[in-house]
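start-v8.cif (mmCIF, C-alpha atoms)
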```cif
data_query
loop_
_atom_site.label_atom_id
_atom_site.label_comp_id
_atom_site.auth_asym_id
_atom_site.auth_seq_id
_atom_site.Cartn_x
_atom_site.Cartn_y
_atom_site.Cartn_z
CA MET O 1 102.92 66.45 80.09
CA GLY O 2 101.71 64.81 83.27
CA THR O 3 103.17 65.05 86.71
CA HIS O 4 106.71 66.33 87.25
CA GLU O 5 108.79 66.28 90.39
CA HIS O 6 110.13 69.83 90.81
CA ASP O 7 112.42 69.40 93.77
CA SER O 8 113.97 66.39 95.43
CA ASP O 9 112.57 67.40 98.81
CA GLY O 10 109.24 68.82 97.58
CA PRO O 11 106.01 67.31 96.30
CA ALA O 12 105.30 66.52 92.66
CA PHE O 13 102.84 68.68 90.72
CA ASP O 14 101.10 68.73 87.34
CA LEU O 15 102.87 71.28 85.15
CA GLU O 16 99.98 71.59 82.68
CA ALA O 17 97.53 72.33 85.49
CA TYR O 18 99.91 74.97 86.82
CA GLN O 19 100.13 76.86 83.49
CA THR O 20 96.93 78.80 83.99
CA HIS O 21 95.33 81.44 81.80
CA TRP O 22 94.98 84.11 84.49
CA HIS O 23 94.62 87.75 83.54
CA PRO O 24 94.82 90.97 85.63
CA ASP O 25 91.16 91.72 84.90
CA GLU O 26 90.35 88.78 87.18
CA ILE O 27 92.01 90.43 90.19
CA SER O 28 91.69 94.15 89.45
CA GLU O 29 89.14 94.76 92.20
CA GLU O 30 91.82 93.84 94.76
CA VAL O 31 94.32 96.42 93.46
CA PRO O 32 93.85 99.90 94.91
CA GLY O 33 93.22 102.60 92.32
CA GLY O 34 93.74 106.35 92.19
CA PRO O 35 96.63 108.76 91.83
CA ASP O 36 98.69 107.22 94.65
CA SER O 37 98.63 103.80 93.02
CA PHE O 38 99.41 105.29 89.61
CA PHE O 39 102.41 107.11 91.09
CA ALA O 40 103.61 104.02 93.00
CA PHE O 41 103.39 101.78 89.92
CA TYR O 42 105.08 104.39 87.72
CA ALA O 43 107.93 104.83 90.21
CA TRP O 44 108.26 101.09 90.75
CA ASP O 45 108.43 100.39 86.99
CA ARG O 46 111.00 103.16 86.53
CA LEU O 47 113.24 101.97 89.38
CA VAL O 48 113.13 98.36 88.19
CA ARG O 49 114.09 99.40 84.65
CA ILE O 50 116.91 101.63 85.89
CA SER O 51 118.26 98.81 88.07
CA ALA O 52 117.88 96.10 85.42
CA GLY O 53 119.25 98.34 82.67
CA GLU O 54 122.45 99.43 84.37
CA GLY O 55 125.42 99.05 82.05
CA ARG O 56 125.41 98.66 78.31
CA PRO O 57 122.40 96.97 76.70
CA GLY O 58 122.45 93.20 76.30
CA ARG O 59 119.88 90.45 76.77
CA VAL O 60 117.16 90.86 79.37
CA ILE O 61 114.38 88.49 80.40
CA ASP O 62 111.27 89.47 82.33
CA VAL O 63 109.97 86.43 84.21
CA ALA O 64 106.19 86.64 84.71
CA CYS O 65 106.23 89.60 82.32
CA GLY O 66 102.47 90.19 82.13
CA ASP O 67 101.89 92.72 79.36
CA ALA O 68 105.70 93.03 78.95
CA ARG O 69 105.75 96.78 79.59
CA ASP O 70 109.25 96.57 81.11
CA ILE O 71 110.63 94.57 78.19
CA ARG O 72 109.00 96.94 75.71
CA ALA O 73 110.59 99.92 77.45
CA MET O 74 114.00 98.25 77.65
CA ALA O 75 113.81 97.15 74.00
CA ALA O 76 113.24 100.78 73.05
CA ALA O 77 116.49 101.56 74.91
CA GLY O 78 118.45 98.97 72.90
CA TRP O 79 118.04 95.81 74.96
CA ASP O 80 117.24 92.44 73.37
CA GLY O 81 114.25 91.52 75.51
CA ILE O 82 112.36 88.31 76.17
CA GLY O 83 109.03 88.32 77.94
CA TYR O 84 108.39 85.05 79.78
CA ASP O 85 105.00 84.23 81.31
CA SER O 86 102.78 81.24 82.02
CA SER O 87 99.60 83.03 80.93
CA SER O 88 98.72 82.86 77.25
CA LEU O 89 96.28 85.75 77.78
CA GLN O 90 99.02 87.97 79.20
CA LEU O 91 101.33 87.09 76.31
CA LEU O 92 98.59 87.94 73.78
CA ASP O 93 98.22 91.36 75.44
CA ALA O 94 102.00 91.82 75.33
CA LYS O 95 102.16 90.92 71.64
CA ARG O 96 99.29 93.26 70.76
CA MET O 97 100.81 96.19 72.70
CA ALA O 98 104.26 95.65 71.16
CA GLU O 99 102.76 95.55 67.67
CA GLU O 100 100.82 98.76 68.36
CA GLU O 101 104.14 100.40 69.33
CA GLY O 102 105.90 98.98 66.25
CA GLN O 103 108.22 96.86 68.38
CA HIS O 104 109.42 93.32 67.97
CA ILE O 105 109.92 91.51 71.25
CA HIS O 106 110.32 87.82 71.90
CA LEU O 107 107.61 86.19 74.01
CA VAL O 108 107.86 82.71 75.52
CA ARG O 109 105.26 80.79 77.52
CA GLY O 110 106.52 78.78 80.48
CA VAL O 111 107.02 78.66 84.22
CA ALA O 112 109.93 80.08 86.17
CA GLU O 113 110.86 76.76 87.75
CA PHE O 114 111.65 75.23 84.33
CA MET O 115 113.13 77.83 81.99
CA PRO O 116 114.07 76.56 78.49
CA PHE O 117 117.21 78.65 78.11
CA LYS O 118 120.89 77.76 78.13
CA PRO O 119 122.93 78.73 81.20
CA GLY O 120 124.31 82.27 81.30
CA VAL O 121 122.44 83.68 78.28
CA PHE O 122 120.98 86.77 79.97
CA ASN O 123 122.73 89.89 81.22
CA SER O 124 119.74 91.02 83.24
CA LEU O 125 116.57 89.50 84.70
CA ILE O 126 113.38 91.11 86.00
CA CYS O 127 110.75 89.44 88.14
CA LYS O 128 108.13 91.79 89.58
CA SER O 129 105.38 90.80 91.97
CA ALA O 130 105.36 87.14 90.97
CA LEU O 131 107.21 85.06 93.57
CA ASP O 132 103.96 84.36 95.40
CA HIS O 133 102.67 82.64 92.23
CA PHE O 134 105.55 80.15 91.99
CA VAL O 135 104.93 76.55 93.00
CA ASP O 136 108.55 76.34 94.20
CA ARG O 137 110.25 79.70 94.84
CA HIS O 138 113.62 78.05 95.49
CA ALA O 139 113.54 76.29 92.10
CA GLY O 140 112.59 79.58 90.42
CA MET O 141 115.45 81.43 92.07
CA ARG O 142 117.88 78.66 91.07
CA GLU O 143 116.69 79.07 87.48
CA PHE O 144 117.24 82.83 87.72
CA SER O 145 120.83 82.20 88.76
CA ARG O 146 121.34 79.56 86.08
CA VAL O 147 120.20 81.69 83.11
CA LEU O 148 122.10 84.82 84.18
CA ASP O 149 125.69 85.26 83.04
CA GLY O 150 128.45 85.53 85.65
CA GLU O 151 128.10 89.31 85.82
CA GLY O 152 124.30 89.24 85.44
CA ARG O 153 121.88 91.32 87.43
CA ALA O 154 118.58 90.04 88.84
CA VAL O 155 115.96 92.57 89.91
CA VAL O 156 113.32 90.75 91.94
CA SER O 157 110.65 92.84 93.62
CA ALA O 158 107.25 92.54 95.21
CA ASN O 159 104.52 94.81 96.47
CA ASN O 160 102.37 94.75 99.55
CA TYR O 161 99.20 96.79 99.18
CA GLY O 162 98.51 96.53 102.89
CA GLY O 163 102.01 97.55 103.97
CA ALA O 164 102.88 100.65 105.96
CA THR O 165 104.63 102.40 103.06
CA VAL O 166 101.62 101.99 100.75
CA ARG O 167 99.24 103.23 103.44
CA ALA O 168 101.53 106.19 104.19
CA SER O 169 101.82 107.08 100.50
CA ARG O 170 98.03 107.30 100.30
CA LEU O 171 98.14 109.96 102.98
CA LEU O 172 101.03 111.87 101.39
CA TYR O 173 99.90 111.79 97.76
#
```

Rendering of file as structure tokens:
Amino acid sequence: MGTHEHDSDGPAFDLEAYQTHWHPDEISEEVPGGPDSFFAFYAWDRLVRISAGEGRPGRVIDVACGDARDIRAMAAAGWDGIGYDSSSLQLLDAKRMAEEEGQHIHLVRGVAEFMPFKPGVFNSLICKSALDHFVDRHAGMREFSRVLDGEGRAVVSANNYGGATVRASRLLY
């Protein structure tokens, strides 16, 4: 594919080089473990799904979906879900897990800055803990807006393992 300019006021980059094969096993030693983390991730997943799933089911996309656990859960609730990720390893995990659950979900490999969907095709969009992986966050957010319908809902969230709320939750739980 070669080099692509991603923004008129930003530098060019090689899209193929950007589409890495990262996997959470590569970074798991950095993620705190234990009951507090389990509770935080469970609550976070639940709140994102509640927010993204408000209203009647339609089409939802999870950008940087990882193992697609949110899309799998929303598909079980009647949503037509697409998992979108740049990592082929993550998408293989997502496919395997969906098959084990007897679900059919759509999985697409690509980057958030260049989404291959028509404007306004999604009713809801999820992007969890991924903005720091984008080459151009502004381009990614413009794409989010472009693919959502006029009444669409974007749920974009991040975590900070060193933040005060995470440290406090370790003390409380």

Residues matched by the PyMOL selection byres ((chain O and resi 123) around 6) as an mmCIF file with C-alpha atoms, keeping the file's coordinate frame:
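Okay, expr_23.cif is ready:
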```cif
data_model
loop_
_atom_site.group_PDB
_atom_site.id
_atom_site.type_symbol
_atom_site.label_atom_id
_atom_site.label_comp_id
_atom_site.auth_asym_id
_atom_site.auth_seq_id
_atom_site.Cartn_x
_atom_site.Cartn_y
_atom_site.Cartn_z
ATOM 1 C CA GLY O 58 122.450 93.200 76.300
ATOM 2 C CA ARG O 59 119.880 90.450 76.770
ATOM 3 C CA VAL O 60 117.160 90.860 79.370
ATOM 4 C CA PHE O 122 120.980 86.770 79.970
ATOM 5 C CA SER O 124 119.740 91.020 83.240
ATOM 6 C CA LEU O 148 122.100 84.820 84.180
ATOM 7 C CA ASP O 149 125.690 85.260 83.040
ATOM 8 C CA GLY O 152 124.300 89.240 85.440
#
```

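Between O:Leu125 and the residues O:Val155, O:Leu47, O:Ala75, O:Ala98, the shortest atom-to-atom distance, using only C-alpha atoms, involves O:Val155.
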
> Do you have the atom CA of O:Ala64-atom CA of O:His133 distance handy?
Replying inline: 9.2 Å

>> When you look at O:Gly78 with a cut-off of 12 Å (counting all atoms listed in the file), what residues show up, excluding the ones that are within fewer than 6 positions of it in the same chain? I need them as a ChimeraX atom specification.
In response: /O:53,55-60,71-72,103-105

>> Can you tell me which residues surround O:Ala68 at a distance of at most 9 Å, considering only C-alpha atoms, apart from same-chain residues fewer than 5 positions away, and format the answer as a ChimeraX atom specification?
In response: /O:62,73,82-84,90-91,93-95,97-98,105,107

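Using only C-alpha atoms, the smallest distance between any of O:Arg69, O:Phe134, O:Glu54, O:Gly81 and O:Arg96 comes from O:Arg69.
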
Residues in the PyMOL selection byres ((chain O and resi 135-143) around 8), expressed as a PDB file with C-alpha atoms, keeping the file's coordinate frame:
```pdb
ATOM      1  CA  HIS O   6     110.130  69.830  90.810  1.00  0.00           C
ATOM      2  CA  ASP O   7     112.420  69.400  93.770  1.00  0.00           C
ATOM      3  CA  ALA O 112     109.930  80.080  86.170  1.00  0.00           C
ATOM      4  CA  GLU O 113     110.860  76.760  87.750  1.00  0.00           C
ATOM      5  CA  PHE O 114     111.650  75.230  84.330  1.00  0.00           C
ATOM      6  CA  MET O 115     113.130  77.830  81.990  1.00  0.00           C
ATOM      7  CA  LEU O 131     107.210  85.060  93.570  1.00  0.00           C
ATOM      8  CA  ASP O 132     103.960  84.360  95.400  1.00  0.00           C
ATOM      9  CA  HIS O 133     102.670  82.640  92.230  1.00  0.00           C
ATOM     10  CA  PHE O 134     105.550  80.150  91.990  1.00  0.00           C
ATOM     11  CA  PHE O 144     117.240  82.830  87.720  1.00  0.00           C
ATOM     12  CA  SER O 145     120.830  82.200  88.760  1.00  0.00           C
ATOM     13  CA  ARG O 146     121.340  79.560  86.080  1.00  0.00           C
ATOM     14  CA  VAL O 147     120.200  81.690  83.110  1.00  0.00           C
TER      15      VAL O 147
END
```

> Expressed in Å to a single decimal, how great is the separation between atom CA of O:Arg153 and atom CA of O:Asp70?
Replying inline: 15.1 Å

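Rounded to one decimal, atom CA of O:Val111 and atom CA of O:Ala40 lie 27.1 Å from each other.
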
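Nearest-residue note for O:Gly120: choosing from O:Ala77, O:Val156, O:Gly150, O:Ser51, the minimum distance belongs to O:Gly150, counting only C-alpha atoms.
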
> Could you spell out the hits of the PyMOL selection byres ((chain O and resi 158) around 9) on the shown file, as an MDAnalysis selection string?
Replying inline: chainID O and resid 127:132 156:157 159:160
